[in-house]
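Trainee: Provided herewith is a single structure, encoded as structure tokens, for subsequent inquiry.
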Amino acid sequence: MLKMKLLHLIKRAIGLTLFALLFSGFSLWAQNISIQGNVKDETGENLPGVNIFIMGTQIGVVTDENGNYTIEAPETGVLVFSFVGYKSQSIPIQGQNVINVVLGEDVVGLDEIVVVGYGFQKKSDITGSITSVDVSKIRDVPSPSIMRALQGKAAGLEIQNLSTRPGGSTQIRIRGNRSLSASNEPLIVVDGIPFGGTLNDISLDDIQSIEVLKDASATVIYGSRGSNGVIIITTKRGAIGDLRISYNGYQGITNVTRKYEVYNAEEFVRLRSAAGYTNYLPTEKESLLLGRETDWQDLIYQTGMSSNHEISLSAGTERTQYAFSGGYFSETGVLPEMGFTRYSMRVAVDQSIGRRIRVGFTSLNSASITDGQSANPMWALVSLSPLSTPYNMDGTVNEQPGYDTEETYNPLTLKDHERWKEQNRRYASFNMLYGEVTIIEGLKNRVNLGLDISDDKYNNFYGSNTPFRDGKLNSAQIKNSDNFSYTLENLLTYDKEFGMHRLNVTAMGSIQESTTISSRMDASNVPVNYLQYYNFSRAEDVFAPENDNNYTAWALASVMARVNYVYDDRYMLTVTGRADGSSRLAAGNKWHSYPALAVGWNIMNESFLRDVSAISNLKLRLGYGQTSNTAINPYSTLGGLSGSFYNFGDAGVRGYYVSSLPNFDLSWEFTNTINAGLDFGFLKGRITGSVDAYMQETNNILLQKELPASQGVPGAYYENVGKTENRGLELILNGVVISPSSKDGFAWELNTNLFLNREKIVELQDPSITRDVGNGWFVGYPSSAIYDYVKLGIWQLDEADEAALYGAKPGDIKLEDFAGGGVNGDEPDGVITADDRRVLGSAQPDFQGGFTSTFRYKGFDLSVVTYFRVGGMIVSALHMPTDYVNRLAGRHNGIKVDYWTPDNPTNDMPQPNATIDASRTHVLGYFDGTFFKIRSINLGYDLNSKHLAFLGGNSSLRIFTSISDPFIFFSPYVKAGGVDPEPNAVNHETISGGEGVPQRALKIKLDTPPTRRIVLGVNFKF
Amino acid sequence: MKRIAYLALVLVFTSISSCTDFLEEEPKSLLTAKYLETPSGVWSALYSTYSDLRYFYGGESALSMTVAGTDEFQKGPDGSEELNLYSNSGLLTNGQVSSTWNWGYTAINSANAVLEYAHSSGMPEEDADLCVAEAKYLRALWYFLLVQMYGDLPLNLEFITEPSTEAYRTPAAEVYQAIVTDLKEAIDDLPNIAPQPGRATAAAAHHLLAKVYLAKATHATAKEDDDYQNAFNHSTHLIDNAGAYGLALLKDFADVHTPRNEHSSEILFTVERNTDIVYNDLDPDANGNKNNRSSFFFRPNYSAIVKGLIRDIPNGRPWHRVRPTNYLLEVVFQNRDDDTRYHKTFQTVWLVNDPDNVETPGFVAGDTAIWLPGSENHPPARALRIFKPSEYYDNVSLSTGEKQTLSIYPSLKKYDDIDRPTVADASVRPFIVFKFSETYLIAAEAAMYLNRPGEARDFVNVVRARAGFNANRSDAANAAAISRLTSTTPSLADFDEGINFLLEERSRELCGEYMRWFDLARTRNSSGESMLYYRLTTLTPDIPCKNTIQKHHILRPVPQDSQIDLTTNEFPQNPGYGS
């Protein structure tokens, strides 16, 4: 039944194509004539580099250095002249052989063409909430990945680091979290095709534009994949013109921004005596006598190097345009054997065949090598006693500096590359082929085929005598994962202008399929270190572990239609509908349809405003739509078994138990969004910006529910229950603070974005449930709510009697007793029980944003990129004694904190070795998440093109230097001794105990320290 | 031009027509619950039920729940306070408290799958009968552990295939009934002798059933008049028919826990482990909860005390979670000559194994590094360090009056493991769950309460007589020692004196074997007081939890996070544990 429905839909889509093709076969075409002319700006200067194309095609040319052009075009056609910063003009040819044009400056950029889902639109016609990121601006921040460069650049787009290592990943959220159990990652579309790779695959230099689609009226076109927002990345293509060669390169160094502050020898001795720890090892006693101490971090941190080189070529004739580039990026870490290297190659070709057909392809290829992506030796660096010695008397590395009572091995062993290696080699190829037929003027049929292939080979080897194994048998792992995805789309578009009306219709049918096969083998007891993971046949034990041996496939079939209608450049209407069928859901629930409606009003074009010169743009947008989230893992409806192996004597046996239960009723989560926006421009465009307000309501939330343990099924299962809501406000404000008096004059531009999102859970399993403590969900609070005891401080000496009532003594953590459970209700009852927990806060900031300030003078430009968050709570696992680095027991060293002693009556941290209840010490790890970060400071100089004239008129040379992450201000966490208020990990696996901290909270754990990078680079074009 | 257009069309067509099952899922790498309906699936569910026992026997959570905080063992230098000292705080979400509950129910569900599908799976009838019998034995063992720890609890006797967030506490009496029924039925179909090491036998089921009756006999609501008689019947059945079950006490107590001897004639049931990494994840730091780490917990940090001693495989990895109470050392093991079990239970001598680092001249490998003579007055001896009992960790020094901070005390050696690949690895030894000597002690206890003190005394003396055997003594000396030992056994005519004596005897025979807390929680003195409370508060020398143990501690709290918080109906907590 379902299949038939799908086939029916797809056949219909094909029918449309067929119709279009037949139609095109009978249509007649006008004669081509040759046209030439010149393009000038309003001051009479010739304009080189202006794009001229025949409307309804992508056939076009570019003006030469004197502003002249020649083009072959149908005599009844229309030529479109466009140039960045100028208003586009469309001029009917009407048989003329000479067309000269004067382009007026467009201070507002309203005629900019913006990429939207499955097409383009004039910025002034857009009704949805779309943020375009000026890629030339983000390129100011030399960065290994696009997302790092985008941090703080776009309102509503929150990008957080998940790692401090080279090649580390980021978490992207568009307008907050909607889902509690499923993914909240947005859909990424590259050159029109959903992208399944990682953003580290793409070199920043290959990107032409980035659009962030935020509201449902913009994302509904992606239906079941659209509810977390969509990021559309368009890569560079060739243009008509002579060969252009450009080179971008930089070289940089990376250093540890700040070390973890640990106790030095003297402080360590003081800590131990406060903790009553007397078990000094013989070497430690010796160190005390000799006044000898070791700073383990200093011994191991090194300067990382980064370099980036990319060379690209592009050229084009009227029929053929191409661009290709090769890139190399490499970065080494501040810890030995860690680094990231990427080789990339990109080709884009567009070819016209006859007058009506155009074909082309883009191929993005990369090979990337990540070393040390997860190996974490930090425990050794932070916990080893400063009184222990790194080297033996004979100068060799002292492998176990804690003699043998501390199992921790010397981190200097990391410098021996034979002892360990962790490497991921990734090959990714992303390809898009298209064929496009212009059937009649304005009506086009396009077929896109996307092929996305990636292959990851992950290996590790950890030698026995390293901090990774601490003397246990060495271990090795081979993990391979390859993905093959394709997308096939058939698009029909129709553009028509008649009188005051402008119409754009898009219809599409598409199928997508993705298959991932992964396999993993583990080994241990490899006879010699140098074999590492290269020959498993030599390892004593080889086995396939429970995880990472998977076959995963999913498929999606869709049909979609959209109508954009503009009347008199004043009133805009967009109506969109899409239907999706997905393999991930059980039969009967596979299909769903998504509607959206949006309207826009260009107030500026109303007669009453036309003459108000102070206002250069004023547009109101209003949109409503529904989208959903496909992020149910394949096979989630089926339940599953896990392995539980055993042996009877020498005979091994394989047991399996039910680890998750099936749910055939599973469906998507649906998000309804209302968005209202106002775009504005004042003072001839000196001030521009937009304000957006939205409300998203997500229903049928997928809850990954854990069952009561007595059900005997430990794995969670998925259910569609509950509701969340996100409301938010976004402001973008760009201004020219000081307008240059002349071309070389001093200029100051400020680009600001500010946004806030209020996320809350509206409903859980059923309306009567207001909290689900086990999962950490509370109605009325964000999903990142932290529910825990309230730390009032530390019990002080004069509070001994009161403390004793709670079984505590001075120096212990003082918790608030406000609830009495069953007996006393909400009155203090003299006992701290589970009822004395409450929601302390959440990761959600009050507001956040960033601004970029750019100064120009003559050839120089200086930009400062900042990023800030105000409010919200961060979870520092570092400070939670359950994670051992703040254990305060004296046995190990740890991060330096202000701990209580009778002489130091602080309210910060408890007395060392106090009788504190481990399950309640999470309260020591919550901090205010406010910070203001200078993301980068960039200084560049553009060499006057006169000096480069010998290389040809379009040559340019730019030299720049940049420092990333130089300063952090206003961070209470940093003031309290933290290293960096930005998280470096997600989920609470390493936080033991589990109480209080929600699974989804981003947290700061002990990991490689944050770094600061300084680069020097050059951009060269000729 | 047209050709290309048609090509595009063909492309679209072919890709669609080849995907007729386009939206169907094929779970190629996933086993689903359907598998359990097949013969091999039934076996796999049974193996999983066995495997989950690893979470208990040899693990740290069960150590904390059954060994720590008893009259035998107390908090060691790295022990947790919550369970050792019965501190209420944080207990409700303590992972050690929830582990038995959580994994117990997973194991029970697997056992239920066996019971559900064995006979319909198409496996041979005799295989199905055996699977069902073993599953019932295991389900009974799990429910017995659970009901003793938590009291009333959800009684699932059906395989769960649909999620539900409701759960209700079934009265313990019903749970005990289910356990008894399971074991009786299991006994009928289980073999007398295990076909493979570690498989359930009728002997193990008889032994377990006898233990169940002993516990049930003192349970406020579950007890029935014939409980002691039933305990007596099942234990003496084994003793009387030992030959048929291949059972016999070993001659020497020292051999019972010797490594590689875990399947001797004295052993009724083990939880298996071996060195095969595929079936035994040995990394105790990575996936430790299923490891046998019993060889770590009882060890003092011997290598931190003198130069010349380093960690090695025979001496083991010192996690010093628990240490023996002074009561255990000084009272229970007061007799260390006639009764050989003190020296066969504890390591008191460590020999130099790192001679290059010895700082005292003249000491070479094999010389005594540390000696614990066990008394304040001892003959002079050559050793790098000698520690008197008052110098054991946390004891108060008789000379200075200060608390001792070095991690040293007699080290329980029942779990020593010489076959671990590295010092850091968990134990590869099977964990002994039931041994035949305990059957005699069960019979003795039952006989005593049945007012048959003579028989009771005879059963105890079988165990005590064996304890008097010392392989290094002459036969005559052994006979004399045995005679002295057995003659000092009290008459067992007085229940109060008798149960205290039997509990002491159990310590001598079974200390550290993951059952003490159960024994204390189930036994009562003549005024009906639980021995857990009574003994911990009255024994001398004092037990450290003397002031913190409360009467409600005869039950552990139901896990707050994994059970109560996740149950959508009201799920009451055990009394005394707050909400």
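In the structure tokens, chains take the letters A, B, ... in the order shown, each chain's residues start at 1, and ligands count up from 1 in the order shown.
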With a distance cut-off of 12 Å and only C-alpha atoms, select the neighbouring residues of B:Lys290, excluding the residue or stretch itself and same-chain residues fewer than 3 positions from it, and output the selection as a count of residues only.

Mentor: 36

Trainee: Please list as an MDAnalysis selection string every residue within 7 Å of B:Leu492, counting only C-alpha atoms and excluding residues in the same chain fewer than 5 positions away.

Mentor: chainID B and resid 448 453 457 497:498

Trainee: Using only all heavy atoms, please write the residues we just selected to a file, as an mmCIF file, in the first residue's frame.

Mentor:
```cif
data_model
loop_
_atom_site.group_PDB
_atom_site.id
_atom_site.type_symbol
_atom_site.label_atom_id
_atom_site.label_comp_id
_atom_site.auth_asym_id
_atom_site.auth_seq_id
_atom_site.Cartn_x
_atom_site.Cartn_y
_atom_site.Cartn_z
ATOM 1 N N MET B 448 19.704 -27.043 65.196
ATOM 2 C CA MET B 448 19.640 -26.337 66.477
ATOM 3 C C MET B 448 18.236 -25.777 66.704
ATOM 4 O O MET B 448 17.656 -25.969 67.777
ATOM 5 C CB MET B 448 20.668 -25.203 66.496
ATOM 6 C CG MET B 448 20.668 -24.432 67.808
ATOM 7 S SD MET B 448 21.858 -23.083 67.799
ATOM 8 C CE MET B 448 20.920 -21.833 66.949
ATOM 9 N N PRO B 453 20.096 -30.355 69.360
ATOM 10 C CA PRO B 453 21.427 -29.774 69.529
ATOM 11 C C PRO B 453 22.555 -30.784 69.297
ATOM 12 O O PRO B 453 23.622 -30.416 68.799
ATOM 13 C CB PRO B 453 21.429 -29.263 70.982
ATOM 14 C CG PRO B 453 20.310 -29.964 71.660
ATOM 15 C CD PRO B 453 19.297 -30.276 70.616
ATOM 16 N N ARG B 457 25.508 -30.040 66.781
ATOM 17 C CA ARG B 457 26.909 -29.994 67.190
ATOM 18 C C ARG B 457 27.756 -30.929 66.320
ATOM 19 O O ARG B 457 28.874 -30.581 65.927
ATOM 20 C CB ARG B 457 26.986 -30.394 68.664
ATOM 21 C CG ARG B 457 28.295 -30.039 69.332
ATOM 22 C CD ARG B 457 28.153 -30.147 70.853
ATOM 23 N NE ARG B 457 29.415 -29.816 71.501
ATOM 24 C CZ ARG B 457 30.376 -30.708 71.710
ATOM 25 N NH1 ARG B 457 30.236 -31.962 71.326
ATOM 26 N NH2 ARG B 457 31.493 -30.320 72.310
ATOM 27 N N GLU B 497 23.246 -18.390 72.622
ATOM 28 C CA GLU B 497 24.657 -18.769 72.578
ATOM 29 C C GLU B 497 24.946 -19.486 71.253
ATOM 30 O O GLU B 497 25.956 -19.250 70.595
ATOM 31 C CB GLU B 497 25.001 -19.684 73.756
ATOM 32 C CG GLU B 497 26.474 -20.047 73.822
ATOM 33 C CD GLU B 497 26.747 -21.277 74.702
ATOM 34 O OE1 GLU B 497 25.865 -22.158 74.834
ATOM 35 O OE2 GLU B 497 27.838 -21.350 75.245
ATOM 36 N N GLY B 498 24.001 -20.349 70.892
ATOM 37 C CA GLY B 498 24.185 -21.171 69.693
ATOM 38 C C GLY B 498 24.313 -20.326 68.428
ATOM 39 O O GLY B 498 25.237 -20.521 67.640
#
```

Trainee: Can you list, as a short mmCIF file (atom, residue, chain, number, x, y, z; two decimals) with C-alpha atoms, in the first residue's frame, every protein, DNA or RNA residue that comes within 12 Å of A:Ala149 when you count only C-alpha atoms, leaving out same-chain residues fewer than 3 positions away?

Mentor:
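Below is the file selection17.cif, written as the result:
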```
data_model
loop_
_atom_site.label_atom_id
_atom_site.label_comp_id
_atom_site.auth_asym_id
_atom_site.auth_seq_id
_atom_site.Cartn_x
_atom_site.Cartn_y
_atom_site.Cartn_z
CA VAL A 133 26.86 34.95 6.28
CA ASP A 134 29.32 37.03 4.40
CA VAL A 135 31.96 34.48 3.66
CA SER A 136 34.60 37.05 2.89
CA LYS A 137 34.21 38.18 6.49
CA ILE A 138 34.48 34.81 8.08
CA ARG A 139 37.56 34.14 6.05
CA ASP A 140 39.20 36.82 8.14
CA VAL A 141 39.39 34.25 10.91
CA PRO A 142 41.80 31.63 9.69
CA SER A 143 40.25 28.46 10.96
CA PRO A 144 40.39 24.77 10.19
CA SER A 145 36.63 24.48 9.99
CA ILE A 146 33.76 26.63 8.87
CA GLY A 152 29.48 34.53 17.09
CA LYS A 153 28.77 35.53 13.51
CA ALA A 154 25.12 34.72 13.00
CA ILE A 159 28.12 26.98 17.91
CA GLN A 160 29.95 25.43 20.81
CA ASN A 161 33.23 23.60 20.84
CA THR A 170 31.53 21.53 17.32
CA LEU A 199 32.29 20.02 8.21
CA ASN A 200 35.96 19.40 8.72
CA SER A 203 38.07 23.81 3.32
CA LEU A 204 36.97 27.29 4.25
CA ASP A 205 38.55 28.61 1.08
CA ILE A 210 26.56 30.25 3.73
CA VAL A 865 35.73 39.35 16.32
CA THR A 866 34.06 38.79 19.65
CA TYR A 867 31.67 36.30 21.07
CA ARG A 935 37.58 35.24 19.20
CA SER A 936 40.18 36.77 16.98
CA SER A 964 42.65 33.51 17.71
CA ASP A 965 41.18 33.16 21.16
#
```

Trainee: Just the residues within 12 Å of B:Lys211, please, counting only C-alpha atoms, with nothing from its chain fewer than 4 positions along; format it as a PyMOL selection string.

Mentor: chain B and resi 140-141+144-145+148+176+179-180+183+204-207+215-218+227-235+434+438-446+515+518-519+522-523

Trainee: Let's see if you can do this: from backbone DSSP, list all strand (DSSP E) residues in stretch 118-319 of chain B, as JSON, numbers by chain.

Mentor: {"B": [267, 268, 269, 270, 271]}

Trainee: Do you know which residues are at most 12 Å from A:Leu1006 counting only C-alpha atoms, after dropping those on the same chain fewer than 3 positions away, and could you put them as a ChimeraX atom specification?

Mentor: /A:163-164,259-261,375-383,875-880,883-886,894-895,978-980,983-985,990-991,1003,1009-1010

Trainee: Residues within 7 Å of A:Ile453, please, as a list in words. Count only C-alpha atoms; anything in the same chain fewer than 6 positions from it doesn't count.

Mentor: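 Here the qualifying residues turn out to be Ala428, Ser429, Phe430, Asn483, Phe484 and Ser485 of chain A.
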
Trainee: Just write the chosen residues, N, CA and C atoms, as a CSV table (one decimal), in the first residue's frame.

Mentor:
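Generated output (result19.csv):
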```csv
chain,number,residue,atom,x,y,z
A,428,ALA,N,36.8,11.5,2.0
A,428,ALA,CA,35.4,11.9,1.7
A,428,ALA,C,35.3,12.4,0.3
A,429,SER,N,34.3,12.0,-0.3
A,429,SER,CA,34.1,12.5,-1.7
A,429,SER,C,32.6,12.9,-1.8
A,430,PHE,N,32.4,14.2,-2.1
A,430,PHE,CA,31.0,14.7,-2.2
A,430,PHE,C,30.8,15.2,-3.6
A,483,ASN,N,30.4,5.1,4.4
A,483,ASN,CA,29.1,5.5,4.1
A,483,ASN,C,28.9,5.8,2.7
A,484,PHE,N,27.8,5.3,2.2
A,484,PHE,CA,27.4,5.7,0.8
A,484,PHE,C,26.0,6.2,0.8
A,485,SER,N,25.9,7.4,0.3
A,485,SER,CA,24.6,8.1,0.2
A,485,SER,C,24.4,8.6,-1.2
```

Trainee: So which one's closest to chain A, B:Ala465, B:Ile554, B:Leu130, B:Ile310? Using only C-alpha atoms, please.

Mentor: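 Result for the nearest residue to chain A: B:Ile310.
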
Trainee: Which residues, written as a short mmCIF file (atom, residue, chain, number, x, y, z; two decimals) with all heavy atoms, in the first residue's frame, have at least one atom at most 8 Å from stretch 526-537 of chain A, with only C-alpha atoms counted and residues fewer than 3 positions away on the same chain left out?

Mentor:
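Listed below is the output, part_29.cif:
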```cif
data_model
loop_
_atom_site.label_atom_id
_atom_site.label_comp_id
_atom_site.auth_asym_id
_atom_site.auth_seq_id
_atom_site.Cartn_x
_atom_site.Cartn_y
_atom_site.Cartn_z
N GLU A 418 56.38 5.18 19.34
CA GLU A 418 56.17 3.75 19.19
C GLU A 418 55.19 3.22 20.25
O GLU A 418 54.52 2.22 20.05
CB GLU A 418 57.49 3.01 19.34
CG GLU A 418 57.74 2.05 18.20
CD GLU A 418 59.14 1.48 18.23
OE1 GLU A 418 59.52 0.91 19.26
OE2 GLU A 418 59.85 1.62 17.23
N ARG A 419 55.12 3.93 21.36
CA ARG A 419 54.31 3.41 22.45
C ARG A 419 52.82 3.64 22.26
O ARG A 419 52.01 2.99 22.89
CB ARG A 419 54.70 4.09 23.77
CG ARG A 419 56.02 3.63 24.26
CD ARG A 419 56.14 3.95 25.73
NE ARG A 419 57.54 4.08 26.06
CZ ARG A 419 58.01 3.88 27.28
NH1 ARG A 419 57.21 3.54 28.25
NH2 ARG A 419 59.28 4.04 27.52
N TRP A 420 52.48 4.62 21.44
CA TRP A 420 51.05 4.82 21.25
C TRP A 420 50.79 5.53 19.93
O TRP A 420 51.63 6.26 19.42
CB TRP A 420 50.43 5.60 22.40
CG TRP A 420 50.68 7.08 22.39
CD1 TRP A 420 51.85 7.71 22.66
CD2 TRP A 420 49.73 8.11 22.08
NE1 TRP A 420 51.69 9.06 22.57
CE2 TRP A 420 50.41 9.33 22.22
CE3 TRP A 420 48.38 8.09 21.73
CZ2 TRP A 420 49.78 10.55 22.00
CZ3 TRP A 420 47.75 9.31 21.51
CH2 TRP A 420 48.45 10.52 21.65
N LYS A 421 49.63 5.30 19.41
CA LYS A 421 49.22 5.99 18.20
C LYS A 421 47.71 5.91 18.12
O LYS A 421 47.12 4.86 18.34
CB LYS A 421 49.84 5.30 16.98
CG LYS A 421 49.65 6.08 15.68
CD LYS A 421 50.43 5.38 14.56
CE LYS A 421 50.28 6.10 13.24
NZ LYS A 421 51.01 7.39 13.23
N ASN A 459 42.15 3.83 13.98
CA ASN A 459 43.01 2.84 14.62
C ASN A 459 43.59 3.42 15.89
O ASN A 459 43.84 4.62 15.98
CB ASN A 459 44.22 2.50 13.73
CG ASN A 459 43.79 1.93 12.41
OD1 ASN A 459 43.72 2.63 11.43
ND2 ASN A 459 43.49 0.66 12.37
N ASN A 460 43.80 2.56 16.85
CA ASN A 460 44.60 3.02 17.97
C ASN A 460 45.45 1.91 18.52
O ASN A 460 45.17 0.72 18.33
CB ASN A 460 43.74 3.68 19.07
CG ASN A 460 42.87 2.69 19.82
OD1 ASN A 460 43.28 1.58 20.12
ND2 ASN A 460 41.64 3.09 20.11
N PHE A 461 46.51 2.33 19.15
CA PHE A 461 47.36 1.40 19.88
C PHE A 461 47.85 2.13 21.12
O PHE A 461 48.36 3.24 21.04
CB PHE A 461 48.56 0.97 19.04
CG PHE A 461 49.59 0.21 19.84
CD1 PHE A 461 49.36 -1.12 20.16
CD2 PHE A 461 50.73 0.83 20.34
CE1 PHE A 461 50.26 -1.83 20.95
CE2 PHE A 461 51.63 0.13 21.13
CZ PHE A 461 51.40 -1.20 21.43
N TYR A 462 47.64 1.51 22.26
CA TYR A 462 48.13 2.10 23.50
C TYR A 462 49.05 1.08 24.17
O TYR A 462 48.61 -0.01 24.54
CB TYR A 462 46.97 2.44 24.44
CG TYR A 462 46.01 3.45 23.84
CD1 TYR A 462 44.69 3.13 23.61
CD2 TYR A 462 46.47 4.72 23.49
CE1 TYR A 462 43.82 4.04 23.04
CE2 TYR A 462 45.60 5.64 22.92
CZ TYR A 462 44.28 5.30 22.71
OH TYR A 462 43.43 6.22 22.14
N GLY A 463 50.30 1.45 24.29
CA GLY A 463 51.28 0.55 24.90
C GLY A 463 51.02 0.39 26.38
O GLY A 463 50.37 1.22 27.03
N ASN A 474 48.93 -4.06 26.60
CA ASN A 474 48.67 -3.07 25.57
C ASN A 474 47.37 -3.41 24.82
O ASN A 474 46.88 -4.54 24.90
CB ASN A 474 49.86 -2.97 24.61
CG ASN A 474 50.19 -4.28 23.95
OD1 ASN A 474 49.30 -5.09 23.69
ND2 ASN A 474 51.46 -4.52 23.69
N SER A 475 46.84 -2.44 24.14
CA SER A 475 45.59 -2.69 23.44
C SER A 475 45.61 -1.99 22.09
O SER A 475 46.28 -0.97 21.93
CB SER A 475 44.40 -2.18 24.26
OG SER A 475 44.38 -0.78 24.26
N ALA A 476 44.90 -2.56 21.15
CA ALA A 476 44.85 -1.98 19.81
C ALA A 476 43.44 -2.10 19.27
O ALA A 476 42.67 -2.95 19.72
CB ALA A 476 45.83 -2.70 18.88
N GLN A 477 43.12 -1.25 18.35
CA GLN A 477 41.76 -1.26 17.79
C GLN A 477 41.80 -0.88 16.31
O GLN A 477 42.58 -0.02 15.91
CB GLN A 477 40.91 -0.24 18.54
CG GLN A 477 39.45 -0.31 18.20
CD GLN A 477 38.67 0.79 18.92
OE1 GLN A 477 38.18 1.70 18.28
NE2 GLN A 477 38.55 0.72 20.22
N ILE A 478 41.00 -1.58 15.55
CA ILE A 478 40.80 -1.22 14.14
C ILE A 478 39.31 -1.00 13.96
O ILE A 478 38.51 -1.87 14.30
CB ILE A 478 41.23 -2.37 13.20
CG1 ILE A 478 42.71 -2.67 13.33
CG2 ILE A 478 40.87 -2.05 11.76
CD1 ILE A 478 43.18 -3.82 12.45
N ALA A 523 42.22 -5.73 19.85
CA ALA A 523 43.27 -6.71 20.14
C ALA A 523 43.96 -6.29 21.41
O ALA A 523 43.94 -5.11 21.79
CB ALA A 523 44.28 -6.78 19.01
N GLU A 540 47.97 -11.47 20.77
CA GLU A 540 47.54 -12.65 21.51
C GLU A 540 46.02 -12.80 21.48
O GLU A 540 45.49 -13.88 21.25
CB GLU A 540 48.03 -12.50 22.96
CG GLU A 540 48.02 -13.76 23.78
CD GLU A 540 49.05 -14.77 23.30
OE1 GLU A 540 50.15 -14.36 22.86
OE2 GLU A 540 48.73 -15.96 23.34
N VAL A 542 42.41 -11.32 19.96
CA VAL A 542 41.73 -10.49 18.98
C VAL A 542 40.25 -10.81 19.07
O VAL A 542 39.86 -11.97 19.14
CB VAL A 542 42.21 -10.78 17.55
CG1 VAL A 542 41.45 -9.94 16.54
CG2 VAL A 542 43.71 -10.53 17.44
#
```

Trainee: For the atom pair atom CA of A:Leu943 and atom CA of A:Arg237, what is the interatomic distance in Å to one decimal place?

Mentor: 25.9 Å

Trainee: For A:Ala889, which residue among B:Pro77, B:Pro355, B:Thr38, B:Gly468 is the nearest when counting only C-alpha atoms?

Mentor: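 Using only C-alpha atoms, the shortest distance to A:Ala889 belongs to B:Pro77.
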
Trainee: Just checking: using only C-alpha atoms, which residue out of A:Gly499, A:Gly600, A:Pro282, A:Pro905 ends up closest to chain B?

Mentor: A:Pro282

Trainee: Using atom CA of A:Thr370 and atom CA of A:Arg426 as the two end points, give the distance in Å to one decimal.

Mentor: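 The value is 8.3 Å.
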
Trainee: Rounded to one decimal, what separation in Å do you get between atom CA of B:Val175 and atom CA of B:Arg506?

Mentor: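 About the pair atom CA of B:Val175 and atom CA of B:Arg506: they are 26.2 Å apart.
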
Trainee: DSSP on the backbone, alpha helix (DSSP H) only: what residues of stretch 152-253 of chain B does that give? Format it as JSON, numbers by chain.

Mentor: {"B": [172, 173, 174, 175, 176, 177, 178, 179, 180, 181, 182, 183, 184, 185, 186, 187, 188, 189, 202, 203, 204, 205, 206, 207, 208, 209, 210, 211, 212, 213, 214, 215, 216, 217, 227, 228, 229, 230, 231, 232, 233, 234, 235, 236, 237, 238, 239, 240, 253]}
